[in-house]
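Shown next: target-v1.tsv, given as TSV, C-alpha atoms.
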chain	number	residue	atom	x	y	z
A	51	MET	CA	3.74	-14.60	24.34
A	52	TYR	CA	4.26	-11.58	22.11
A	53	MET	CA	7.44	-9.73	23.05
A	54	GLU	CA	8.27	-6.25	21.80
A	55	ASN	CA	11.97	-6.09	22.54
A	56	PHE	CA	13.31	-6.67	19.05
A	57	THR	CA	14.10	-3.17	17.83
A	58	ASN	CA	17.43	-3.19	16.01
A	59	LEU	CA	18.52	-0.03	14.24
A	60	LYS	CA	21.40	-1.60	12.31
A	61	ASN	CA	19.34	-1.68	9.10
A	62	ILE	CA	18.31	1.97	9.42
A	63	LYS	CA	20.36	4.87	8.19
A	64	LYS	CA	20.77	7.87	10.46
A	65	ILE	CA	17.43	9.54	11.13
A	66	GLY	CA	17.93	13.21	11.79
A	67	LYS	CA	15.70	16.08	12.79
A	68	ALA	CA	12.77	17.04	10.59
A	69	LYS	CA	10.90	20.19	9.72
A	70	LYS	CA	7.47	20.59	11.27
A	71	ILE	CA	4.70	21.76	8.96
A	72	VAL	CA	1.07	22.46	9.80
A	73	LEU	CA	-1.15	21.67	6.85
A	74	ASN	CA	-3.82	24.02	5.58
A	75	ARG	CA	-7.07	22.29	4.70
A	76	VAL	CA	-7.92	23.37	1.17
A	77	MET	CA	-10.72	20.90	0.42
A	78	SER	CA	-13.23	19.30	2.75
A	79	PHE	CA	-13.37	15.54	3.27
A	80	GLU	CA	-16.71	15.51	1.43
A	81	GLN	CA	-15.33	17.50	-1.51
A	82	CYS	CA	-12.48	15.02	-1.85
A	83	SER	CA	-14.93	12.14	-1.85
A	84	GLN	CA	-16.30	13.41	-5.17
A	85	TYR	CA	-12.95	12.48	-6.75
A	86	GLU	CA	-12.90	8.93	-5.37
A	87	GLY	CA	-11.56	6.55	-7.98
A	88	GLU	CA	-10.16	9.38	-10.13
A	89	TYR	CA	-6.49	9.68	-11.09
A	90	LEU	CA	-5.31	13.07	-9.89
A	91	THR	CA	-2.65	14.74	-12.00
A	92	GLU	CA	0.36	16.80	-11.02
A	93	GLU	CA	-1.21	19.75	-12.84
A	94	PHE	CA	-4.36	19.42	-10.74
A	95	MET	CA	-2.36	19.28	-7.50
A	96	ARG	CA	-0.19	22.26	-8.46
A	97	HIS	CA	-3.32	24.27	-9.26
A	98	LEU	CA	-5.00	23.22	-6.03
A	99	SER	CA	-2.00	24.28	-4.00
A	100	LYS	CA	-1.52	27.60	-5.77
A	101	LYS	CA	-5.21	28.46	-5.71
A	102	ASN	CA	-5.45	27.91	-1.97
A	103	GLY	CA	-2.12	29.37	-0.93
A	104	THR	CA	-0.46	26.23	0.44
A	105	LYS	CA	3.22	26.99	1.00
A	106	TYR	CA	4.53	23.61	-0.14
A	107	TRP	CA	2.93	21.74	-3.01
A	108	LEU	CA	5.62	19.00	-3.05
A	109	ILE	CA	7.17	17.64	0.12
A	110	ASN	CA	10.65	16.37	-0.74
A	111	PHE	CA	12.39	16.91	2.60
A	112	ASP	CA	12.27	15.28	6.03
A	113	CYS	CA	9.21	16.55	7.80
A	114	ASP	CA	6.39	15.88	10.23
A	115	GLY	CA	2.99	16.98	8.94
A	116	TYR	CA	0.32	18.10	11.40
A	117	ILE	CA	-3.36	18.83	10.83
A	118	ILE	CA	-5.75	20.80	13.03
A	119	ASN	CA	-8.59	18.73	14.45
A	120	ASP	CA	-12.11	19.93	15.31
A	121	ASP	CA	-10.91	20.96	18.78
A	122	GLY	CA	-8.21	23.20	17.33
A	123	GLU	CA	-5.42	20.82	18.35
A	124	GLU	CA	-2.45	19.88	16.23
A	125	VAL	CA	-2.47	16.15	15.39
A	126	LEU	CA	0.41	14.34	13.70
A	127	ALA	CA	-0.88	13.11	10.32
A	128	PHE	CA	2.32	11.84	8.75
A	129	THR	CA	6.05	11.43	9.23
A	130	TYR	CA	8.27	11.46	6.15
A	131	ARG	CA	11.95	10.53	6.14
A	132	LYS	CA	14.12	10.33	3.06
A	133	ASN	CA	16.69	7.65	2.32
A	134	VAL	CA	16.52	5.83	5.66
A	135	LEU	CA	16.10	2.21	4.52
A	136	ASP	CA	19.23	0.11	4.18
A	137	PRO	CA	19.87	-0.63	0.46
A	138	GLU	CA	20.83	-4.27	1.08
A	139	VAL	CA	17.63	-4.93	3.03
A	140	ALA	CA	15.63	-3.24	0.28
A	141	SER	CA	17.34	-5.23	-2.48
A	142	GLU	CA	16.73	-8.56	-0.75
A	143	ALA	CA	13.08	-7.70	-0.18
A	144	LEU	CA	12.58	-6.68	-3.78
A	145	SER	CA	14.17	-9.85	-5.17
A	146	ASN	CA	11.76	-11.96	-3.12
A	147	LEU	CA	8.60	-9.86	-3.47
A	148	ARG	CA	8.90	-8.50	-7.02
A	149	LYS	CA	6.94	-11.23	-8.81
A	150	THR	CA	4.06	-11.16	-6.33
A	151	ALA	CA	3.86	-7.35	-6.45
A	152	MET	CA	3.56	-7.55	-10.24
A	153	ALA	CA	0.67	-10.03	-10.08
A	154	LYS	CA	-2.43	-8.36	-11.48
A	155	LYS	CA	-5.54	-8.55	-9.30
A	156	ILE	CA	-9.18	-7.70	-10.01
A	157	ASN	CA	-10.41	-6.91	-6.50
A	158	ARG	CA	-8.93	-3.53	-5.55
A	159	GLY	CA	-12.07	-1.38	-5.89
A	160	SER	CA	-11.62	2.39	-5.91
A	161	PHE	CA	-7.84	2.01	-5.57
A	162	ALA	CA	-7.82	0.71	-9.17
A	163	GLY	CA	-10.03	3.50	-10.48
A	164	VAL	CA	-13.38	3.94	-12.16
A	165	LEU	CA	-14.29	0.93	-14.32
A	166	ASP	CA	-12.37	0.97	-17.58
A	167	LYS	CA	-12.53	-1.66	-20.35
A	168	ASP	CA	-8.83	-1.06	-21.05
A	169	LYS	CA	-8.00	-2.23	-17.52
A	170	MET	CA	-9.95	-5.49	-17.69
A	171	PRO	CA	-8.73	-9.05	-18.32
A	172	ASN	CA	-9.10	-10.12	-21.93
A	173	TYR	CA	-11.84	-12.64	-21.03
A	174	VAL	CA	-14.20	-9.88	-19.86
A	175	GLY	CA	-16.97	-8.97	-22.28
A	176	GLU	CA	-19.90	-6.65	-21.64
A	177	PHE	CA	-20.46	-5.35	-18.11
A	178	HIS	CA	-23.62	-6.41	-16.25
A	179	ASN	CA	-25.18	-3.91	-13.81
A	180	PRO	CA	-21.89	-2.07	-13.29
A	181	GLY	CA	-21.24	0.12	-10.28
A	182	LYS	CA	-18.57	2.78	-10.23
A	183	PHE	CA	-15.73	0.45	-9.24
A	184	ARG	CA	-17.08	-3.12	-9.49
A	185	THR	CA	-19.17	-5.03	-11.97
A	186	LYS	CA	-20.36	-8.44	-13.04
A	187	TYR	CA	-19.60	-9.33	-16.65
A	188	TYR	CA	-20.31	-11.65	-19.52
A	189	SER	CA	-17.48	-13.96	-20.49
A	190	LYS	CA	-16.03	-13.46	-23.96
A	191	VAL	CA	-15.22	-17.18	-23.95
A	192	SER	CA	-18.52	-18.75	-22.90
A	193	GLY	CA	-20.90	-15.82	-23.28
A	194	LYS	CA	-22.27	-16.61	-19.84
A	195	LEU	CA	-22.74	-14.19	-16.96
A	196	ALA	CA	-19.97	-14.64	-14.41
A	197	ASN	CA	-20.89	-14.76	-10.73
A	198	GLN	CA	-17.95	-12.76	-9.43
A	199	LEU	CA	-17.68	-9.00	-9.11
A	200	ILE	CA	-14.48	-7.57	-10.52
A	201	SER	CA	-12.67	-4.24	-10.48
A	202	ASN	CA	-10.05	-2.89	-12.85
A	203	ILE	CA	-6.85	-4.87	-13.04
A	204	SER	CA	-4.16	-3.56	-10.73
A	205	PRO	CA	-0.58	-4.86	-10.27
A	206	SER	CA	-1.04	-5.31	-6.54
A	207	ASN	CA	-1.17	-8.11	-3.99
A	208	ILE	CA	-1.08	-8.75	-0.25
A	209	VAL	CA	1.39	-10.66	1.90
A	210	GLY	CA	1.28	-11.50	5.59
A	211	TYR	CA	-2.04	-12.48	7.17
A	212	PHE	CA	-5.61	-12.25	6.01
A	213	ASP	CA	-9.07	-12.48	7.56
A	214	LYS	CA	-11.19	-14.53	5.20
A	215	VAL	CA	-11.56	-18.30	5.11
A	216	ASP	CA	-9.75	-19.95	2.22
A	217	ARG	CA	-12.57	-20.76	-0.19
A	218	ASN	CA	-10.65	-23.82	-1.36
A	219	LEU	CA	-11.26	-25.33	2.08
A	220	LYS	CA	-15.05	-25.02	1.60
A	221	GLY	CA	-15.80	-23.55	4.99
A	222	ALA	CA	-13.16	-25.39	7.00
A	223	GLY	CA	-10.20	-23.69	8.58
A	224	SER	CA	-9.54	-20.48	10.45
A	225	ASN	CA	-10.97	-17.04	9.62
A	226	ILE	CA	-7.45	-15.75	10.22
A	227	ARG	CA	-4.94	-17.31	7.85
A	228	SER	CA	-1.68	-16.74	6.09
A	229	THR	CA	-1.79	-15.35	2.57
A	230	ALA	CA	-1.08	-17.49	-0.48
A	231	PHE	CA	2.41	-16.00	-0.70
A	232	ILE	CA	3.42	-17.47	2.67
A	233	ARG	CA	1.86	-20.81	1.76
A	234	ASP	CA	3.41	-21.07	-1.70
A	235	HIS	CA	6.73	-19.30	-1.18
A	236	PRO	CA	7.87	-19.87	2.43
A	237	GLU	CA	11.56	-19.44	1.64
A	238	ALA	CA	11.01	-16.12	-0.14
A	239	TRP	CA	8.80	-14.99	2.76
A	240	HIS	CA	11.50	-15.67	5.33
A	241	LYS	CA	14.06	-13.82	3.22
A	242	ALA	CA	11.72	-10.81	2.99
A	243	LEU	CA	11.02	-10.65	6.74
A	244	PRO	CA	14.03	-8.42	7.63
A	245	TYR	CA	12.51	-5.75	5.39
A	246	PHE	CA	9.20	-5.65	7.25
A	247	GLN	CA	11.01	-5.88	10.58
A	248	THR	CA	13.11	-2.87	9.59
A	249	LEU	CA	9.96	-0.93	8.68
A	250	HIS	CA	8.57	-1.78	12.10
A	251	ASN	CA	11.77	-0.58	13.77
A	252	ILE	CA	11.61	2.75	11.94
A	253	TYR	CA	7.95	3.08	12.94
A	254	LYS	CA	8.79	2.36	16.57
A	255	TYR	CA	11.74	4.74	16.55
A	256	LEU	CA	9.63	7.62	15.23
A	257	TRP	CA	6.22	6.94	16.83
A	258	ASN	CA	6.94	5.01	20.04
A	259	GLY	CA	4.68	6.37	22.76
A	260	ARG	CA	2.21	7.88	20.31
A	261	GLU	CA	-1.35	6.58	20.37
A	262	PRO	CA	-1.39	4.81	16.96
A	263	TYR	CA	1.75	2.82	17.73
A	264	GLU	CA	0.57	1.89	21.21
A	265	LYS	CA	-2.84	0.75	19.88
A	266	GLN	CA	-1.21	-1.46	17.28
A	267	LEU	CA	1.12	-2.88	19.90
A	268	GLU	CA	-1.83	-3.83	22.10
A	269	ILE	CA	-3.52	-5.63	19.21
A	270	ALA	CA	-0.27	-7.41	18.34
A	271	LYS	CA	-0.16	-8.72	21.90
A	272	GLN	CA	-3.69	-10.14	21.53
A	273	ILE	CA	-3.17	-11.90	18.20
A	274	PRO	CA	0.56	-12.61	17.83
A	275	MET	CA	-0.14	-15.53	15.51
A	276	ALA	CA	-1.52	-13.07	12.94
A	277	MET	CA	1.40	-10.65	13.04
A	278	ILE	CA	4.30	-10.59	10.63
A	279	PRO	CA	7.06	-11.92	12.94
A	280	GLU	CA	8.79	-9.27	15.05
A	281	THR	CA	6.51	-6.51	13.80
A	282	ILE	CA	3.16	-5.03	14.68
A	283	PHE	CA	1.84	-5.41	11.13
A	284	SER	CA	-0.60	-8.12	10.15
A	285	THR	CA	-0.45	-7.45	6.45
A	286	ALA	CA	1.37	-5.60	3.70
A	287	THR	CA	-0.05	-4.55	0.36
A	288	ILE	CA	2.65	-4.57	-2.29
A	289	ASN	CA	2.33	-2.83	-5.68
A	290	TYR	CA	4.52	-2.55	-8.76
A	291	SER	CA	4.31	0.37	-11.20
A	292	CYS	CA	0.85	1.17	-9.99
A	293	GLN	CA	-0.78	4.60	-10.05
A	294	SER	CA	-3.45	4.44	-7.40
A	295	ALA	CA	-6.66	6.39	-7.86
A	296	LEU	CA	-7.94	8.56	-5.02
A	297	HIS	CA	-9.16	6.32	-2.20
A	298	LEU	CA	-9.19	5.56	1.51
A	299	ASP	CA	-7.75	2.38	3.01
A	300	LYS	CA	-10.97	1.56	4.84
A	301	GLY	CA	-9.83	-1.89	5.94
A	302	ASN	CA	-6.99	-0.60	8.11
A	303	MET	CA	-7.45	-0.77	11.87
A	304	GLU	CA	-9.20	2.03	13.69
A	305	GLY	CA	-6.68	4.35	15.31
A	306	GLY	CA	-3.64	2.89	13.55
A	307	VAL	CA	-1.45	4.17	10.76
A	308	ALA	CA	0.39	2.56	7.86
A	309	VAL	CA	4.06	2.51	6.89
A	310	LEU	CA	4.73	3.17	3.19
A	311	SER	CA	8.04	2.22	1.61
A	312	VAL	CA	9.31	2.73	-1.95
A	313	ILE	CA	12.08	0.77	-3.69
A	314	LEU	CA	13.20	1.42	-7.25
A	315	ASP	CA	13.95	-1.79	-9.13
A	316	ASP	CA	17.48	-1.68	-10.52
A	317	ARG	CA	16.68	-4.68	-12.76
A	318	ASN	CA	14.08	-2.60	-14.59
A	319	PRO	CA	15.48	0.24	-16.77
A	320	ASN	CA	12.08	1.93	-17.29
A	321	THR	CA	12.67	4.96	-15.07
A	322	PHE	CA	10.29	7.81	-14.36
A	323	VAL	CA	9.60	10.98	-12.43
A	324	GLY	CA	6.33	11.79	-10.71
A	325	SER	CA	4.00	9.24	-9.13
A	326	TYR	CA	3.85	11.53	-6.13
A	327	LEU	CA	1.57	10.64	-3.25
A	328	CYS	CA	-1.15	13.30	-3.35
A	329	LEU	CA	-3.27	14.53	-0.42
A	330	PRO	CA	-5.86	16.82	-2.03
A	331	GLU	CA	-7.50	17.77	1.26
A	332	PHE	CA	-4.32	19.66	2.08
A	333	GLY	CA	-3.16	20.60	-1.42
A	334	ILE	CA	0.17	18.78	-1.17
A	335	CYS	CA	2.09	15.90	-2.71
A	336	ILE	CA	4.86	13.86	-1.11
A	337	ASP	CA	7.80	12.68	-3.21
A	338	ASN	CA	7.93	9.26	-1.53
A	339	ASN	CA	10.90	7.82	-3.39
A	340	HIS	CA	13.68	5.23	-3.27
A	341	LEU	CA	14.47	4.08	0.31
A	342	ASP	CA	12.13	6.73	1.77
A	343	ILE	CA	9.63	5.96	4.53
A	344	LEU	CA	6.24	7.57	5.04
A	345	ILE	CA	4.17	6.81	8.13
A	346	ALA	CA	0.66	8.14	7.67
A	347	ASP	CA	-3.04	7.94	8.45
A	348	ASN	CA	-4.33	6.38	5.24
A	349	LYS	CA	-7.71	5.34	6.63
A	350	TYR	CA	-9.18	8.84	6.97
A	351	ILE	CA	-6.98	10.94	4.69
A	352	TRP	CA	-7.81	10.77	0.98
A	353	HIS	CA	-4.77	9.80	-1.06
A	354	GLY	CA	-3.64	8.57	-4.46
A	355	ASN	CA	-0.76	9.03	-6.87
A	356	THR	CA	-0.05	11.46	-9.66
A	357	GLU	CA	0.91	10.13	-13.07
A	358	PHE	CA	4.16	8.45	-14.07
A	359	VAL	CA	6.27	10.55	-16.44
A	360	PRO	CA	8.87	8.49	-18.35
A	361	LYS	CA	12.46	9.70	-18.29
A	362	ASN	CA	13.17	8.05	-21.65
A	363	ASN	CA	11.25	7.89	-24.90
A	364	LYS	CA	12.21	4.25	-25.36
A	365	ILE	CA	10.47	1.38	-23.55
A	366	TYR	CA	12.66	-1.48	-22.32
A	367	PRO	CA	12.00	-5.00	-20.98
A	368	MET	CA	10.86	-4.85	-17.36
A	369	ASN	CA	13.60	-7.25	-16.31
A	370	MET	CA	17.12	-7.00	-17.73
A	371	ASP	CA	17.51	-10.73	-17.06
A	372	LYS	CA	14.78	-11.35	-19.67
A	373	PRO	CA	15.77	-9.05	-22.57
A	374	ASN	CA	13.28	-10.62	-25.01
A	375	LYS	CA	10.23	-10.11	-22.80
A	376	MET	CA	8.81	-6.67	-23.50
A	377	PRO	CA	5.84	-5.16	-21.62
A	378	THR	CA	2.47	-6.02	-23.15
A	379	ASP	CA	0.37	-3.41	-24.94
A	380	GLN	CA	-1.93	-3.25	-21.92
A	381	GLU	CA	1.01	-2.76	-19.53
A	382	ILE	CA	2.37	0.05	-21.70
A	383	LYS	CA	-1.02	1.77	-22.09
A	384	ASN	CA	-1.62	1.71	-18.33
A	385	ASN	CA	1.98	2.53	-17.29
A	386	TRP	CA	2.44	-0.79	-15.51
A	387	TYR	CA	6.02	-1.15	-16.75
A	388	PHE	CA	7.94	1.37	-14.65
A	389	ASN	CA	10.39	0.34	-11.91
A	390	ARG	CA	8.52	1.47	-8.77
A	391	PHE	CA	7.87	-1.09	-6.00
A	392	VAL	CA	5.74	0.04	-3.04
A	393	SER	CA	4.74	-1.66	0.18
A	394	VAL	CA	2.10	-0.49	2.67
A	395	SER	CA	2.30	-2.25	6.05
A	396	TYR	CA	-0.59	-2.12	8.52
A	397	ILE	CA	-3.03	-4.09	10.70
A	398	ARG	CA	-6.29	-5.14	9.10
A	399	GLU	CA	-9.27	-4.11	11.22
A	400	SER	CA	-11.19	-7.30	10.47
A	401	ILE	CA	-8.38	-9.53	11.71
A	402	LEU	CA	-9.05	-8.28	15.23
A	403	ASP	CA	-12.82	-8.50	14.67
A	404	ASN	CA	-12.52	-12.13	13.61
A	405	TYR	CA	-10.34	-12.91	16.59
A	406	VAL	CA	-12.87	-11.41	19.01
A	407	LYS	CA	-15.82	-13.22	17.38
A	408	ASN	CA	-13.97	-16.53	17.49
A	409	ALA	CA	-12.49	-16.18	20.97
A	410	GLY	CA	-11.07	-19.43	22.25
A	411	LYS	CA	-10.37	-20.91	18.81
A	412	TYR	CA	-6.90	-19.43	18.47
A	413	ASN	CA	-3.75	-20.30	20.34
A	414	GLU	CA	-1.15	-17.55	20.70
A	415	ASN	CA	1.53	-20.11	19.86
A	416	ASP	CA	-0.08	-20.85	16.48
A	417	THR	CA	1.96	-19.55	13.59
A	418	LEU	CA	-0.56	-19.77	10.72
A	419	GLY	CA	2.01	-20.98	8.25
A	420	VAL	CA	5.18	-19.14	9.28
I'd like the structure from this file rewritten - as structure tokens, please.
Amino acid sequence: MYMENFTNLKNIKKIGKAKKIVLNRVMSFEQCSQYEGEYLTEEFMRHLSKKNGTKYWLINFDCDGYIINDDGEEVLAFTYRKNVLDPEVASEALSNLRKTAMAKKINRGSFAGVLDKDKMPNYVGEFHNPGKFRTKYYSKVSGKLANQLISNISPSNIVGYFDKVDRNLKGAGSNIRSTAFIRDHPEAWHKALPYFQTLHNIYKYLWNGREPYEKQLEIAKQIPMAMIPETIFSTATINYSCQSALHLDKGNMEGGVAVLSVILDDRNPNTFVGSYLCLPEFGICIDNNHLDILIADNKYIWHGNTEFVPKNNKIYPMNMDKPNKMPTDQEIKNNWYFNRFVSVSYIRESILDNYVKNAGKYNENDTLGV
């Protein structure tokens, strides 16, 4: 049975009071949708804020951000707290998740931006019937048309639990399964768990009793086998040096929120400023930075990141332990070499859908690979 009595604040720094801000809507949801897949710049966000009279263009202080709904009520949209994650927990998580976060994937859709040949694997030739974010392609190797749809490369991956059958099992197995990371790196997964459990504890501390937290808790009780142990997250998306284009996280559960965490990699000397989380609907950016936590509605609020701005003119190896391994030309061109690790923890909507459709097939004592 799922128990929710595990909150332990020992890995959380003191969380103090925060400023309340009510956000002015400066663009409509539909207007923002026109920028889907675009990389918004700091200059654009500054202009948007100034033009529309928003008091704060960059949030770099503890605050709770509220929006006004259609009924004129104030609704909590995000909670931002600076420097609340324990450095030792963060360091252990990074050492075990770094390599997977760096893995470049071709399935991130609008998150990875409008199709760009410079962000494609080197085996991709001409596009075939391209959409805005996905395309089929002709192989440079064989010349044949590939069956799969691909998006731009993005240094991003998922850990935790997933909701699609493993295609290697050819139709056998559960619709709810552990990710490849759990399967292939069980020791690293167990070492990373305190990090996700700490993020849960911060979420509970700040949002306990609020509707999103309570909804996620109810789902966690229904499908405990698909939850990251001692959390109410099914999944975490982890990125490394990744500027996300404007997008919505449509796969997140209805009524829930996500917990965003940033860790700067002290093994990577390629430092930066910028990469602010931007919310163009409200003309603001959030300086979500090292050891900070942001709890936010990322399903219905358009968001992305501004550009990375290097602090140094020189480019260094991405890992000081490997001084002869420099970033590739593609990594340099796309700014995939900076030292910013990000995790986004949430419940996938389709995990619950699969559970409901396959009622009776799952046992709450199953662990799905943990």
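Pairwise distance (CA of Ala346 (chain A), CA of Phe94 (chain A)) equals 22.2 Å.
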**Q.** Val394 (chain A) environment, 8 Å, all atoms listed in the file, sequence neighbours closer than 6 positions dropped, as a PyMOL selection string
**A.** chain A and resi 286-288+308-311
Within 12 Å of region 142-149 of chain A, which residues of region 223-316 of chain A show up? Give each one with its shortest atom-to-atom distance in Å (one decimal) and the two atoms involved, counting all atoms listed in the file, rows by chain then rising residue number, as JSON lines.
{"residue": "A:Phe231", "atom": "CA", "partner": "A:Leu147", "partner_atom": "CA", "distance": 9.1}
{"residue": "A:Ile232", "atom": "CA", "partner": "A:Leu147", "partner_atom": "CA", "distance": 11.1}
{"residue": "A:His235", "atom": "CA", "partner": "A:Asn146", "partner_atom": "CA", "distance": 9.1}
{"residue": "A:Pro236", "atom": "CA", "partner": "A:Asn146", "partner_atom": "CA", "distance": 10.4}
{"residue": "A:Glu237", "atom": "CA", "partner": "A:Asn146", "partner_atom": "CA", "distance": 8.9}
{"residue": "A:Ala238", "atom": "CA", "partner": "A:Asn146", "partner_atom": "CA", "distance": 5.2}
{"residue": "A:Trp239", "atom": "CA", "partner": "A:Asn146", "partner_atom": "CA", "distance": 7.2}
{"residue": "A:His240", "atom": "CA", "partner": "A:Asn146", "partner_atom": "CA", "distance": 9.2}
{"residue": "A:Lys241", "atom": "CA", "partner": "A:Asn146", "partner_atom": "CA", "distance": 7.0}
{"residue": "A:Ala242", "atom": "CA", "partner": "A:Ala143", "partner_atom": "CA", "distance": 4.6}
{"residue": "A:Leu243", "atom": "CA", "partner": "A:Ala143", "partner_atom": "CA", "distance": 7.8}
{"residue": "A:Pro244", "atom": "CA", "partner": "A:Ala143", "partner_atom": "CA", "distance": 7.9}
{"residue": "A:Tyr245", "atom": "CA", "partner": "A:Ala143", "partner_atom": "CA", "distance": 5.9}
{"residue": "A:Phe246", "atom": "CA", "partner": "A:Ala143", "partner_atom": "CA", "distance": 8.6}
{"residue": "A:Gln247", "atom": "CA", "partner": "A:Ala143", "partner_atom": "CA", "distance": 11.1}
{"residue": "A:Thr248", "atom": "CA", "partner": "A:Ala143", "partner_atom": "CA", "distance": 10.9}
{"residue": "A:Leu249", "atom": "CA", "partner": "A:Ala143", "partner_atom": "CA", "distance": 11.6}
{"residue": "A:Ala286", "atom": "CA", "partner": "A:Leu147", "partner_atom": "CA", "distance": 11.0}
{"residue": "A:Thr287", "atom": "CA", "partner": "A:Leu147", "partner_atom": "CA", "distance": 10.8}
{"residue": "A:Ile288", "atom": "CA", "partner": "A:Leu147", "partner_atom": "CA", "distance": 8.0}
{"residue": "A:Asn289", "atom": "CA", "partner": "A:Arg148", "partner_atom": "CA", "distance": 8.8}
{"residue": "A:Tyr290", "atom": "CA", "partner": "A:Arg148", "partner_atom": "CA", "distance": 7.6}
{"residue": "A:Ser291", "atom": "CA", "partner": "A:Arg148", "partner_atom": "CA", "distance": 10.8}
{"residue": "A:Ser311", "atom": "CA", "partner": "A:Ala143", "partner_atom": "CA", "distance": 11.3}
{"residue": "A:Val312", "atom": "CA", "partner": "A:Leu144", "partner_atom": "CA", "distance": 10.1}
{"residue": "A:Ile313", "atom": "CA", "partner": "A:Leu144", "partner_atom": "CA", "distance": 7.5}
{"residue": "A:Leu314", "atom": "CA", "partner": "A:Leu144", "partner_atom": "CA", "distance": 8.8}
{"residue": "A:Asp315", "atom": "CA", "partner": "A:Leu144", "partner_atom": "CA", "distance": 7.4}
{"residue": "A:Asp316", "atom": "CA", "partner": "A:Leu144", "partner_atom": "CA", "distance": 9.7}
Q: Might you pull out every residue within 10 Å of Gln293 (chain A), with only C-alpha atoms counted and same-chain residues fewer than 4 positions away left off, and present them as a ChimeraX atom specification?
A: /A:89-90,161-163,204-205,289,325-327,354-358,384-386,390
**Q.** Distance in Å - CA of Pro262 (chain A) versus CA of Gly305 (chain A)
**A.**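 Interatomic distance here is 5.6 Å.
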Q.
If I take CA of Phe183 (chain A) and CA of Met170 (chain A), how far is one from the other in Å, to one decimal?
A. 11.8 Å
Q.
What's around Pro377 (chain A) at 12 Å? Count all atoms listed in the file, leave out sequence neighbours fewer than 3 positions away in its own chain, and write the answer as a PyMOL selection string.
A. chain A and resi 152+291+318+320+364-369+372-374+380-388
